[in-house]
Structure formats: structure tokens, C-alpha cells
Amino acid sequence: MPALPTLARHAGLTLLFVGAALAGTASGVLFAYSDDLPAISALDEYQPDTITRVVGRDGSVVGEFATERRVVLRYDEIPPVMRQAVLAAEDSGFFEHFGFSVTGLARAVVTNVIEMRKAGGASTLTQQLARKLFLTDEKTWERKVKELLLSVQIEKRYTKEEIFTLYCNQMYFGHGAYGVEAAAQLYFGKPVKDLAVEEAAMIAGILQGNARQSPYVNMNAALRRRNYTLDRMASEGFIPAADATAAKARPIVTRGDPARESSFAPYYLEEVRKHLEARYGAQQLYESGLTVKTPLDPRLQRIATRALDTGLRRVDKRRTGFRRAHPKAVAAGNAIATYRHERWNRALQPGDIVPAIVERVDAAGEAPGHAVLRIGPLHAELTKESFQWTRRTHASQVAAAGDLVDVELLTVDATAKTATVRLEQTPLLEGAVVALENRTGHVLAMVGGFSFQRSKFNRATQALRQIGSTFKPILYTAAIDRGLTPATVLVDAPHSFDAGAGQPPYTPRNYDGKFEGPLTLRTALERSRNIPAVLVMEMLGPAQVAPYATRFGLPGDLPPYLSSALGAGESTLLALASAYSAFPNHGVRMEPTQVLSVTDREGVTLEEHTPVARDAIRADTAYVMTSLLRGVVQRGTAASAASLNWPLAGKTGTVNDYTDAWFMGFDPDITLGVWLGYDEKKPIGNGETGTTAALPIWIDIMRAWLDGRDREHPPEFEAPGNIVFVPVDRGTGQPVDAGTPQAITEAFITGTQPSR
């Protein structure tokens, strides 16, 4: 049959012609796109956006700045289980192919032709990397061709290990996390090296659909993708089938936080951020992976934040009472049963104050007058005892179904998913706290307000407020330098002072409206008597006192009026704390420091700060003033702090009409300042002084801070060599024998002590 060889020959020629045509077409396409490709040599200097980390004095991370949350790893830092999970889920033939899979590509082409659409899939790790680094996710033939060409170039230039490392650092895993290390922290709260096999499988499994398959979004989808990856790992021989089966039986237990919990030191971090952006610019701050060392003490910061929160709530409830002003959680049409608050994504622990949604208020039944609350997975009952402070008798008088209320978690039973609570309310009052290390000026803690979310205005560094009687130690410092002593007798009696031409006389009053007659300078300061302070200001002259305010670092110029003796001038809390830190530091004021050093991602130091000292006053004067301020704590307006049984000194401050309440105090190591007030200058409430409003917060902070300190061997305020101690009568200031009733051992600069 001679026709068959001829037919076969013609068919072969036809196939050869078609093949040549296809090859020519492919060559033409490749040639057309080859000149339009980005240069992959840019990967030689691969520096992806990385996280700028702020660390505290203990080396722990206290905050981060980033546009892409990424931690770059080396190949050997990616554990085998993570490598295997990625290969099994995405490209098991990665170490065999040369950039693309011929069979996979052919399968995708056939699918595209049959289904008449540009379907995804068939991309190797190298192709995915090329697309993410140089192209877009647009589904076009042009993009696919470029992706293939780039993949081949990448494979020619880099080793498989280098490509795999780039892939694991570059890819997006959802919720702002890029790379496997950030993904491990996001989903499981641990480094990638510590992941279990099922955890690595879940991360690898959701890679292509992280937005909809994240366990925080769709747990069932995440579970399916994890189990698929485990099966693939077993099929590829990475793990035994029995291990895969056992791993699939375990639930997905997330430990991270997709909401990225706000820092416990937001005001502190904002000061650091402003410094970095001003010096390096926003791009380097958010993309260059700087490491910023700060002196922030995480433990003290948390103590200060909680104490201020508690104190503001306490004063707010005392002065304004209950305010029924709850936001409606369902106002936007949300159902009560499905409502979720971002705070519920984080741990719920006893002592936390958290939002709760009111599911219903019982008018009758088993718990009449109570309300049923939901706090994430927890349920709680708002009993009459829990809102007793409101002086209401029925839950309907404090909340309604759908309201969002603040509650304090008293107990939490995670197994039963129940909690006991106490009703709270968000205070309108504001406050601030600053803690400094005396010998260095390091800012150990800073709280700039009740809530950074409510207001980013930092009341510790930006608010200039009248400082009240906290100025008196600066005034008396000038007096000690001019020859007065703690035993100098002043007179607390009604007095009018000339206020200048055309002005009515200045007639100051004491807080209690009373007058105590003759008393020593020490007693006048301990009891914060106003008339003696103004008399000393008149004696010295405002022009002689003003330079002291400057030397102590207070901002602006002291008003040249007698009323400045009572704190008519203004300061920030940080500046005032810095001023007070000079007393226990032998008269040397250290400039407050929040940034110790900044290094780039390569470890190169960009800036470094050492303590900057400013001589404020003489060491002997500083010790005398410290001794006087210790008396304030031992016998004066801050006597309640004496219960701490620790070497402490400080001064209360109250501004006219009770608009501002202060307490500035220190021990030999740290200086701690507290301020309370409204942003709009108005009274906190009648009788809300530095003693009643600010000092309790200060005591709460100091008490918690002292836990763990060596209470048997406390530090001491060291006296200079020219200080002499003389027993004097507490009332008259005259020298007496030691042990005499009303005797007090007084500190004097040599040559100023009284003689018999």
C-alpha cells in the first residue's frame, strides 16, 4: 500500500512545519518582550522594607514602625519544617525545574483554552517571586510571558537556596505580615524556628489566599488549607503519613493578634517617632529596619499607665458621678449577637478594663434589675453590686440593650467562658506621668494622657500648665543660696503687697483660709503655706529668683510678679520632673533623654547619646532642699506617702480654683511626676488638690515600683562634706539638746547653723 508512506511523510512535514511555526512565534514573542524586562540584577542588593524596632532598657521590643511588617531571615534560619511546608503547598519540584514547570505550564494552557479564560495557577516559586518583585497580579498573556522570562533569568543568576530565601522573606501572609517570620509571630506568637509541623503547614497553606483563608477570617478555610498541605507533605515524603494524620486532628490555636495591639507606651513611642522622622525622614523610618534603643522601663511604664488610668477613673467618679453616655454598638445596624470589638482579639485578664456589649436588661425573672453582657467569648452579669457606685438601683438606669459599656474584669473563667465584672466609665479628666532616672536623665516612663486613641496630644511634653506650689522648692532654693536656712522663722499672717502703680494690693491667701503665725521655713514648706512663700519672694525680689527657674530648665521666663512664688508660671510635666531630679543628684540636672542609639539594618550606628549634665545649683544647697522635701513626705502635705517606708521626698501642687493638681517626688534613684487636670482650664472639683488627686496616683506607682527592691537596704541621699546636722526646736528653729521634745535634726550648710 504505497499511499501510507506518502501520507505519513506528508503528516510529518506538516507537524514539522507547525512546530517550526510555533517555535518561530514563541521566539518572536520572547524577542519582543526580552527588551522590556526589568533588570533582575537589582536583587543583588535586595533590601525589602523591614520593621523599625524600638527596644526598651531590658532589650524587649516596645514598639514598631513599618509599612510592611517583615523580618528578613537567612536560608539556614528557615527551619526544615517550614521549607518543606512551602514546597509541598506551592512547588514540590522547585529544586528540579529551571524556573518554570513544563507540565504545569502545558496543563494551564490547556485549561485556559478549554475554559476560554486566563486562569491562574501553574506558577512555580520562582515565577511567583518574579511576579511579586517586578510585575503585577494582572491576569494577561503578556504578564505571564514576562514572568516566565524573568524566572529563567533569576534561576540563571541565583542559587536555589537564594531564590527560596527571597521567596520566604518577600511573600505576603495577610494582616500586614510579610515573610514567614512575621507570619509566625502574627498567627502563633512565636518565631518561625519554634513552629510545630501543623503550624508551618497552615502558614504555607494559606499563602495564596491569605485575605480569605486566614484563621482570623475563616477558620474552616484555614483548616482545609492546612490539612491539604499536611497531606502533600506526607505525599512528598517530608513527614510520615501517621504524623500528618495526627497533626490534622489538632485544632488551629492562634496566639498572635491581627489587630496588632497598640503599644503599652504610645505617647513615649510617638516622641521617639517624631525624633526619628525629623532626623531621617519618613521613608527611612518606616522602611529601613532601624533599631532604636531607649531607656524605657517596660515594667515601670505599665505600672504608671495602670495607676493613672485607675486614678483618673477614681477622681472622675468622685467629682462628676455617673454619666449615662454609652455609645450604641448597634447604631450602624449591627446585630448584637454578631457584634465584635477589636479589643476582644487580645487577651482578657482580671484587672483589665474592657468594652462589653449589653445583650439584654432583665426587668424580671431570675435576676431582675440585672443586665447580661458579652465580652468577646465571655459572658457576664451586671449585678446591682457591680454598679452600686452609680447610686442606681436597676440596670435599666445605667444601660440598655445594644449599649457598649466599660467594665473591669474581676475574675475570668476561660473554660466556662464567664466573667465577673464591675461597671466603669471613661473619665473626662486627663492626666500625665513622667519618670526619670536621676543620674542619667533617662526617661524611664511616660504617659501623656488617659488614652492615645482619644487624644494624641502629649500632656507630659506639650501641655504648659501653671505649676502651683511645686514652684516653692525652687523659690526656697534661691533663699537657701541667699543665706536663709531651714530654721529661719517666717510669719504666716494676713498681708497685702504692693502690686504696682494703679493696681490693687496683692493679698494672697492660704489654701485653708487660716494663718499659723511664726513658723520655720521648713514648716512653711512642709505645710505649703502661701504667705511665707510670697514674703520670701518679696525679700529676694523676682529678678533674683527668675534665673533659678532657668537653671532648673523650666521653659519660658518667670513672670516678674510676687504671685510667681505660688506657681503662676507655667511648665510641662517633663521639664518640671527634670528640675526636681537635680535635688537628689547633687544639684546636677541631666537633660531628659528618650533615644539612646539608632542603628541601621546592618548594625551601623547612626546616632548615639550620652547623658548631658547641666549644673543647676550647688550640691550643699541641693541636699538641704532634699532634706526639706523629705519633711513634706514625713510630716507635711504628702505625709500619706510615708507609709511606703522608703527614702522619699517631694512636693504637692495645687493651682487656683483647683484647675491643676500636681505631685513631684523622688527617691535617690528616680524622679516621678504626676499631673491631673482638664485640657480646657476648668476646676477638677472643689478640694481636688495635689494631696487628694495627684498624690494617690504617685503612691500607687511608687508602691508597685518598689516591689522587688531591696527593702532591707534602701538607697540613701548622700550629704556633701560641708553639711552639718544640728538638733533644733521644730517650732522656733532654735538649737536644743538631742532628744528634747519637738526636736528635729536639721541639715545646715557649714557656717549657717544656729548657735546657742
# chains A, B, ... in the order shown; residues from 1 in each chain; ligands from 1

call {"tool": "residues_around", "arguments": {"residues": "Gln742 (chain A)", "least_positions_apart": "3", "cutoff": "10 Å", "atoms": "only C-alpha atoms", "output": "PyMOL selection string"}}
result
chain A and resi 727-732+736+738-739

call {"tool": "closest_atom_pairs", "arguments": {"of": "region 323-366 of chain A", "to": "region 307-318 of chain A", "cutoff": "12 Å", "atoms": "only C-alpha atoms", "output": "JSON lines"}}
result
{"residue": "A:Arg323", "atom": "CA", "partner": "A:Lys317", "partner_atom": "CA", "distance": 8.9}
{"residue": "A:Gly351", "atom": "CA", "partner": "A:Thr310", "partner_atom": "CA", "distance": 10.4}
{"residue": "A:Asp352", "atom": "CA", "partner": "A:Thr310", "partner_atom": "CA", "distance": 10.7}
{"residue": "A:Ile353", "atom": "CA", "partner": "A:Asp309", "partner_atom": "CA", "distance": 9.5}

call {"tool": "residues_around", "arguments": {"residues": "region 707-723 of chain A", "least_positions_apart": "5", "cutoff": "12 Å", "atoms": "only C-alpha atoms", "output": "JSON, numbers by chain"}}
result
{"A": [299, 300, 303, 438, 583, 584, 585, 586, 587, 618, 619, 620, 621, 622, 623, 624, 625, 626, 627, 629, 630, 644, 645, 646, 647, 648, 649, 666, 667, 668, 669, 670, 700, 701, 702, 746, 747, 748, 749, 750, 751, 752, 753]}

call {"tool": "select_by_dssp", "arguments": {"residues": "region 594-657 of chain A", "states": "alpha helix (DSSP H)", "output": "list in words"}}
result
Ala619, Asp620, Thr621, Ala622, Tyr623, Val624, Met625, Thr626, Ser627, Leu628, Leu629, Arg630, Gly631, Val632, Val633, Gln634 and Arg635 of chain A

call {"tool": "atom_distance", "arguments": {"atom1": "CA of Arg53 (chain A)", "atom2": "CA of Gly174 (chain A)"}}
result
20.2 Å

call {"tool": "atom_distance", "arguments": {"atom1": "CA of Pro327 (chain A)", "atom2": "CA of Val398 (chain A)"}}
result
12.4 Å

call {"tool": "closest_residue", "arguments": {"among": "A:Pro350, A:Gly677, A:Pro486, A:Gly631", "to": "Ala419 (chain A)", "atoms": "only C-alpha atoms"}}
result
A:Pro350

call {"tool": "closest_residue", "arguments": {"among": "A:Gly650, A:Gly441, A:Pro427, A:Gly513", "to": "Thr593 (chain A)", "atoms": "only C-alpha atoms"}}
result
A:Gly441

call {"tool": "select_by_dssp", "arguments": {"residues": "region 293-448 of chain A", "states": "strand (DSSP E)", "output": "PyMOL selection string"}}
result
chain A and resi 293+353-361+371-375+378-382+404-413+418-424+430-437+443-447

call {"tool": "closest_residue", "arguments": {"among": "A:Glu68, A:Glu198, A:Glu161, A:Asp76", "to": "Gly176 (chain A)", "atoms": "only C-alpha atoms"}}
result
A:Glu68

call {"tool": "closest_residue", "arguments": {"among": "A:Ala639, A:Ala577, A:Leu429, A:Leu566", "to": "Leu676 (chain A)", "atoms": "only C-alpha atoms"}}
result
A:Leu429

call {"tool": "residues_around", "arguments": {"residues": "Gly321 (chain A)", "least_positions_apart": "6", "cutoff": "12 Å", "atoms": "only C-alpha atoms", "output": "number ranges by chain"}}
result
A: 313-315, 387-392, 424-428, 685

call {"tool": "write_last_selection", "arguments": {"atoms": "all heavy atoms", "output": "compact mmCIF listing (two decimals), in the first residue's frame"}}
result
# COMPACT_ATOMS: atom_id res chain seq x y z
N ARG A 313 -10.05 57.50 86.81
CA ARG A 313 -11.41 56.98 86.98
C ARG A 313 -11.91 57.26 88.40
O ARG A 313 -13.09 57.62 88.60
CB ARG A 313 -11.43 55.48 86.69
CG ARG A 313 -11.18 55.12 85.23
CD ARG A 313 -11.16 53.62 85.02
NE ARG A 313 -10.78 53.26 83.67
CZ ARG A 313 -11.61 53.21 82.63
NH1 ARG A 313 -12.90 53.49 82.81
NH2 ARG A 313 -11.18 52.86 81.42
N ARG A 314 -11.03 57.11 89.36
CA ARG A 314 -11.43 57.35 90.76
C ARG A 314 -11.86 58.80 90.97
O ARG A 314 -12.93 59.08 91.53
CB ARG A 314 -10.26 56.98 91.67
CG ARG A 314 -10.54 57.19 93.16
CD ARG A 314 -9.39 56.66 94.00
NE ARG A 314 -8.12 57.28 93.66
CZ ARG A 314 -7.05 56.58 93.25
NH1 ARG A 314 -7.10 55.28 93.11
NH2 ARG A 314 -5.92 57.22 92.98
N VAL A 315 -11.04 59.74 90.52
CA VAL A 315 -11.36 61.15 90.70
C VAL A 315 -12.58 61.54 89.88
O VAL A 315 -13.45 62.29 90.33
CB VAL A 315 -10.15 62.04 90.33
CG1 VAL A 315 -10.51 63.52 90.43
CG2 VAL A 315 -8.96 61.72 91.23
N PHE A 387 -22.69 47.91 89.94
CA PHE A 387 -22.88 49.32 89.58
C PHE A 387 -23.39 50.13 90.78
O PHE A 387 -24.00 51.19 90.63
CB PHE A 387 -23.81 49.49 88.37
CG PHE A 387 -25.20 48.91 88.51
CD1 PHE A 387 -26.21 49.64 89.14
CD2 PHE A 387 -25.50 47.66 88.01
CE1 PHE A 387 -27.49 49.13 89.25
CE2 PHE A 387 -26.78 47.13 88.13
CZ PHE A 387 -27.78 47.86 88.75
N GLN A 388 -23.10 49.62 91.98
CA GLN A 388 -23.57 50.28 93.19
C GLN A 388 -23.05 51.70 93.30
O GLN A 388 -23.75 52.59 93.80
CB GLN A 388 -23.13 49.46 94.41
CG GLN A 388 -23.66 49.98 95.74
CD GLN A 388 -23.24 49.07 96.89
OE1 GLN A 388 -22.29 48.30 96.77
NE2 GLN A 388 -23.94 49.14 98.01
N TRP A 389 -21.82 51.94 92.81
CA TRP A 389 -21.23 53.27 92.93
C TRP A 389 -22.02 54.33 92.16
O TRP A 389 -21.90 55.53 92.45
CB TRP A 389 -19.78 53.25 92.44
CG TRP A 389 -19.60 52.97 90.96
CD1 TRP A 389 -19.41 51.76 90.39
CD2 TRP A 389 -19.62 53.92 89.90
NE1 TRP A 389 -19.30 51.88 89.03
CE2 TRP A 389 -19.42 53.20 88.69
CE3 TRP A 389 -19.78 55.30 89.83
CZ2 TRP A 389 -19.38 53.82 87.45
CZ3 TRP A 389 -19.73 55.93 88.59
CH2 TRP A 389 -19.54 55.19 87.42
N THR A 390 -22.83 53.90 91.21
CA THR A 390 -23.61 54.87 90.42
C THR A 390 -24.81 55.40 91.20
O THR A 390 -25.45 56.37 90.75
CB THR A 390 -24.12 54.23 89.12
OG1 THR A 390 -25.10 53.23 89.44
CG2 THR A 390 -22.99 53.60 88.34
N ARG A 391 -25.14 54.75 92.33
CA ARG A 391 -26.32 55.09 93.14
C ARG A 391 -27.61 54.85 92.37
O ARG A 391 -28.62 55.50 92.61
CB ARG A 391 -26.25 56.54 93.65
CG ARG A 391 -25.03 56.81 94.52
CD ARG A 391 -25.01 58.20 95.07
NE ARG A 391 -23.83 58.42 95.91
CZ ARG A 391 -23.54 59.58 96.52
NH1 ARG A 391 -24.36 60.61 96.38
NH2 ARG A 391 -22.46 59.68 97.25
N ARG A 392 -27.55 53.91 91.42
CA ARG A 392 -28.75 53.48 90.71
C ARG A 392 -29.15 52.11 91.25
O ARG A 392 -28.32 51.37 91.79
CB ARG A 392 -28.52 53.40 89.20
CG ARG A 392 -27.98 54.68 88.55
CD ARG A 392 -28.90 55.88 88.78
NE ARG A 392 -28.60 56.97 87.87
CZ ARG A 392 -27.71 57.94 88.12
NH1 ARG A 392 -27.01 57.92 89.24
NH2 ARG A 392 -27.53 58.91 87.25
N GLU A 424 -17.58 50.39 84.89
CA GLU A 424 -16.66 51.52 84.88
C GLU A 424 -17.19 52.57 83.91
O GLU A 424 -18.17 52.32 83.19
CB GLU A 424 -15.26 51.07 84.46
CG GLU A 424 -14.45 50.43 85.56
CD GLU A 424 -14.03 51.42 86.63
OE1 GLU A 424 -14.09 52.64 86.37
OE2 GLU A 424 -13.65 50.98 87.73
N GLN A 425 -16.54 53.72 83.90
CA GLN A 425 -16.88 54.71 82.89
C GLN A 425 -15.62 55.46 82.48
O GLN A 425 -14.70 55.63 83.27
CB GLN A 425 -17.95 55.68 83.37
CG GLN A 425 -17.52 56.68 84.41
CD GLN A 425 -18.66 57.61 84.82
OE1 GLN A 425 -19.82 57.40 84.50
NE2 GLN A 425 -18.32 58.67 85.55
N THR A 426 -15.59 55.88 81.23
CA THR A 426 -14.43 56.59 80.70
C THR A 426 -14.36 57.98 81.32
O THR A 426 -15.32 58.75 81.22
CB THR A 426 -14.51 56.71 79.17
OG1 THR A 426 -14.58 55.39 78.62
CG2 THR A 426 -13.31 57.44 78.62
N PRO A 427 -13.26 58.33 81.96
CA PRO A 427 -13.18 59.65 82.59
C PRO A 427 -13.03 60.77 81.57
O PRO A 427 -12.43 60.57 80.50
CB PRO A 427 -11.93 59.53 83.47
CG PRO A 427 -11.09 58.50 82.79
CD PRO A 427 -12.06 57.52 82.19
N LEU A 428 -13.57 61.92 81.90
CA LEU A 428 -13.35 63.11 81.09
C LEU A 428 -12.05 63.80 81.49
O LEU A 428 -11.46 64.55 80.71
CB LEU A 428 -14.53 64.08 81.24
CG LEU A 428 -15.90 63.51 80.88
CD1 LEU A 428 -16.98 64.56 81.15
CD2 LEU A 428 -15.94 63.06 79.43
N GLY A 685 -12.57 69.96 90.64
CA GLY A 685 -13.62 69.81 91.64
C GLY A 685 -13.15 70.39 92.95
O GLY A 685 -11.94 70.45 93.23

call {"tool": "atom_distance", "arguments": {"atom1": "CA of Glu526 (chain A)", "atom2": "CA of Thr485 (chain A)"}}
result
14.1 Å

call {"tool": "closest_residue", "arguments": {"among": "A:Ala130, A:Val372, A:Val655, A:Ala546", "to": "Gln466 (chain A)", "atoms": "only C-alpha atoms"}}
result
A:Val655

call {"tool": "closest_residue", "arguments": {"among": "A:Leu695, A:Arg635, A:Arg522, A:Gly431", "to": "Tyr678 (chain A)", "atoms": "only C-alpha atoms"}}
result
A:Gly431

call {"tool": "closest_atom_pairs", "arguments": {"of": "region 523-589 of chain A", "to": "region 470-483 of chain A", "cutoff": "9 Å", "atoms": "only C-alpha atoms", "output": "Markdown table"}}
result
| residue | atom | partner | partner_atom | distance |
| --- | --- | --- | --- | --- |
| A:Leu525 | CA | A:Lys472 | CA | 7.3 |
| A:Ser528 | CA | A:Lys472 | CA | 8.1 |
| A:Ala533 | CA | A:Lys472 | CA | 6.9 |
| A:Val536 | CA | A:Ala479 | CA | 7.2 |
| A:Met537 | CA | A:Leu475 | CA | 7.2 |
| A:Met539 | CA | A:Ala479 | CA | 9.0 |
| A:Leu540 | CA | A:Ala479 | CA | 7.2 |
| A:Gln544 | CA | A:Ala478 | CA | 7.7 |
| A:Val545 | CA | A:Ala478 | CA | 6.1 |
| A:Ala546 | CA | A:Leu475 | CA | 9.0 |
| A:Tyr548 | CA | A:Ile474 | CA | 6.8 |
| A:Ala549 | CA | A:Ile474 | CA | 6.9 |
| A:Phe552 | CA | A:Ile474 | CA | 8.1 |
| A:Ser564 | CA | A:Phe471 | CA | 8.0 |
| A:Ala565 | CA | A:Lys472 | CA | 6.3 |
| A:Leu566 | CA | A:Phe471 | CA | 6.6 |
| A:Gly567 | CA | A:Phe471 | CA | 5.2 |
| A:Ala568 | CA | A:Phe471 | CA | 8.7 |
| A:Gly569 | CA | A:Phe471 | CA | 8.4 |
| A:Leu576 | CA | A:Thr470 | CA | 8.5 |
| A:Ala579 | CA | A:Ile474 | CA | 8.7 |
| A:Tyr580 | CA | A:Pro473 | CA | 8.7 |

call {"tool": "decode", "arguments": {"residues": "region 186-219 of chain A", "atoms": "N, CA, C and O atoms", "output": "compact mmCIF listing (two decimals), in the first residue's frame"}}
result
# COMPACT_ATOMS: atom_id res chain seq x y z
N LEU A 186 2.55 36.60 63.75
CA LEU A 186 1.17 37.04 63.57
C LEU A 186 0.18 35.97 64.01
O LEU A 186 -0.77 36.25 64.75
N TYR A 187 0.38 34.74 63.53
CA TYR A 187 -0.61 33.71 63.77
C TYR A 187 -0.38 32.90 65.05
O TYR A 187 -1.34 32.43 65.66
N PHE A 188 0.87 32.76 65.45
CA PHE A 188 1.13 31.87 66.58
C PHE A 188 1.96 32.51 67.69
O PHE A 188 2.27 31.85 68.68
N GLY A 189 2.32 33.79 67.52
CA GLY A 189 3.02 34.49 68.58
C GLY A 189 4.36 33.90 68.95
O GLY A 189 4.79 33.95 70.11
N LYS A 190 5.07 33.32 67.97
CA LYS A 190 6.37 32.70 68.24
C LYS A 190 7.24 32.84 67.00
O LYS A 190 6.74 33.07 65.90
N PRO A 191 8.57 32.71 67.14
CA PRO A 191 9.44 32.75 65.96
C PRO A 191 9.23 31.51 65.10
O PRO A 191 8.80 30.46 65.58
N VAL A 192 9.56 31.63 63.82
CA VAL A 192 9.32 30.53 62.88
C VAL A 192 10.10 29.28 63.26
O VAL A 192 9.66 28.16 62.99
N LYS A 193 11.24 29.44 63.91
CA LYS A 193 12.06 28.28 64.28
C LYS A 193 11.36 27.40 65.31
O LYS A 193 11.74 26.24 65.50
N ASP A 194 10.35 27.94 65.99
CA ASP A 194 9.66 27.18 67.03
C ASP A 194 8.32 26.61 66.58
O ASP A 194 7.57 26.06 67.39
N LEU A 195 7.99 26.72 65.29
CA LEU A 195 6.69 26.25 64.82
C LEU A 195 6.60 24.73 64.83
O LEU A 195 7.55 24.03 64.48
N ALA A 196 5.42 24.23 65.20
CA ALA A 196 5.12 22.81 65.04
C ALA A 196 4.75 22.55 63.58
O ALA A 196 4.46 23.48 62.83
N VAL A 197 4.73 21.29 63.19
CA VAL A 197 4.50 20.95 61.79
C VAL A 197 3.15 21.45 61.31
O VAL A 197 3.02 21.97 60.19
N GLU A 198 2.10 21.33 62.15
CA GLU A 198 0.78 21.77 61.72
C GLU A 198 0.70 23.30 61.60
O GLU A 198 -0.06 23.85 60.80
N GLU A 199 1.51 24.01 62.40
CA GLU A 199 1.52 25.47 62.33
C GLU A 199 2.22 25.94 61.06
O GLU A 199 1.75 26.85 60.37
N ALA A 200 3.35 25.30 60.74
CA ALA A 200 4.04 25.63 59.49
C ALA A 200 3.16 25.31 58.29
O ALA A 200 3.12 26.06 57.31
N ALA A 201 2.43 24.19 58.35
CA ALA A 201 1.55 23.80 57.25
C ALA A 201 0.44 24.81 57.04
O ALA A 201 0.05 25.11 55.91
N MET A 202 -0.11 25.36 58.14
CA MET A 202 -1.17 26.34 57.98
C MET A 202 -0.65 27.61 57.32
O MET A 202 -1.28 28.17 56.43
N ILE A 203 0.52 28.08 57.77
CA ILE A 203 1.09 29.30 57.19
C ILE A 203 1.34 29.11 55.70
O ILE A 203 0.99 29.97 54.88
N ALA A 204 1.94 27.99 55.32
CA ALA A 204 2.21 27.73 53.91
C ALA A 204 0.91 27.52 53.13
O ALA A 204 0.78 27.96 51.98
N GLY A 205 -0.07 26.89 53.76
CA GLY A 205 -1.30 26.56 53.06
C GLY A 205 -2.13 27.76 52.67
O GLY A 205 -2.79 27.75 51.62
N ILE A 206 -2.13 28.81 53.49
CA ILE A 206 -2.99 29.96 53.20
C ILE A 206 -2.27 31.03 52.39
O ILE A 206 -2.84 32.10 52.14
N LEU A 207 -1.06 30.74 51.93
CA LEU A 207 -0.24 31.77 51.30
C LEU A 207 -0.95 32.43 50.12
O LEU A 207 -0.95 33.65 49.99
N GLN A 208 -1.58 31.64 49.26
CA GLN A 208 -2.19 32.21 48.06
C GLN A 208 -3.53 32.88 48.32
O GLN A 208 -3.97 33.69 47.51
N GLY A 209 -4.16 32.56 49.43
CA GLY A 209 -5.48 33.14 49.70
C GLY A 209 -5.58 33.69 51.10
O GLY A 209 -6.60 33.53 51.77
N ASN A 210 -4.51 34.35 51.56
CA ASN A 210 -4.45 34.76 52.96
C ASN A 210 -5.57 35.71 53.37
O ASN A 210 -6.00 35.72 54.51
N ALA A 211 -6.05 36.53 52.44
CA ALA A 211 -7.08 37.50 52.80
C ALA A 211 -8.39 36.83 53.17
O ALA A 211 -9.14 37.33 54.01
N ARG A 212 -8.69 35.68 52.56
CA ARG A 212 -9.95 35.00 52.82
C ARG A 212 -9.77 33.67 53.56
O ARG A 212 -10.76 33.08 54.01
N GLN A 213 -8.52 33.19 53.67
CA GLN A 213 -8.28 31.91 54.32
C GLN A 213 -7.55 32.03 55.66
O GLN A 213 -7.21 31.04 56.28
N SER A 214 -7.32 33.27 56.10
CA SER A 214 -6.70 33.47 57.40
C SER A 214 -7.59 32.87 58.49
O SER A 214 -8.82 32.98 58.43
N PRO A 215 -7.00 32.26 59.50
CA PRO A 215 -7.82 31.72 60.60
C PRO A 215 -8.56 32.82 61.36
O PRO A 215 -9.54 32.53 62.04
N TYR A 216 -8.08 34.06 61.24
CA TYR A 216 -8.78 35.16 61.89
C TYR A 216 -10.01 35.59 61.08
O TYR A 216 -10.87 36.31 61.59
N VAL A 217 -10.08 35.14 59.82
CA VAL A 217 -11.20 35.49 58.94
C VAL A 217 -12.11 34.30 58.73
O VAL A 217 -13.34 34.41 58.83
N ASN A 218 -11.54 33.15 58.40
CA ASN A 218 -12.33 31.95 58.09
C ASN A 218 -11.57 30.73 58.59
O ASN A 218 -10.69 30.20 57.90
N MET A 219 -11.91 30.30 59.80
CA MET A 219 -11.18 29.19 60.41
C MET A 219 -11.34 27.90 59.61
O MET A 219 -10.40 27.12 59.48
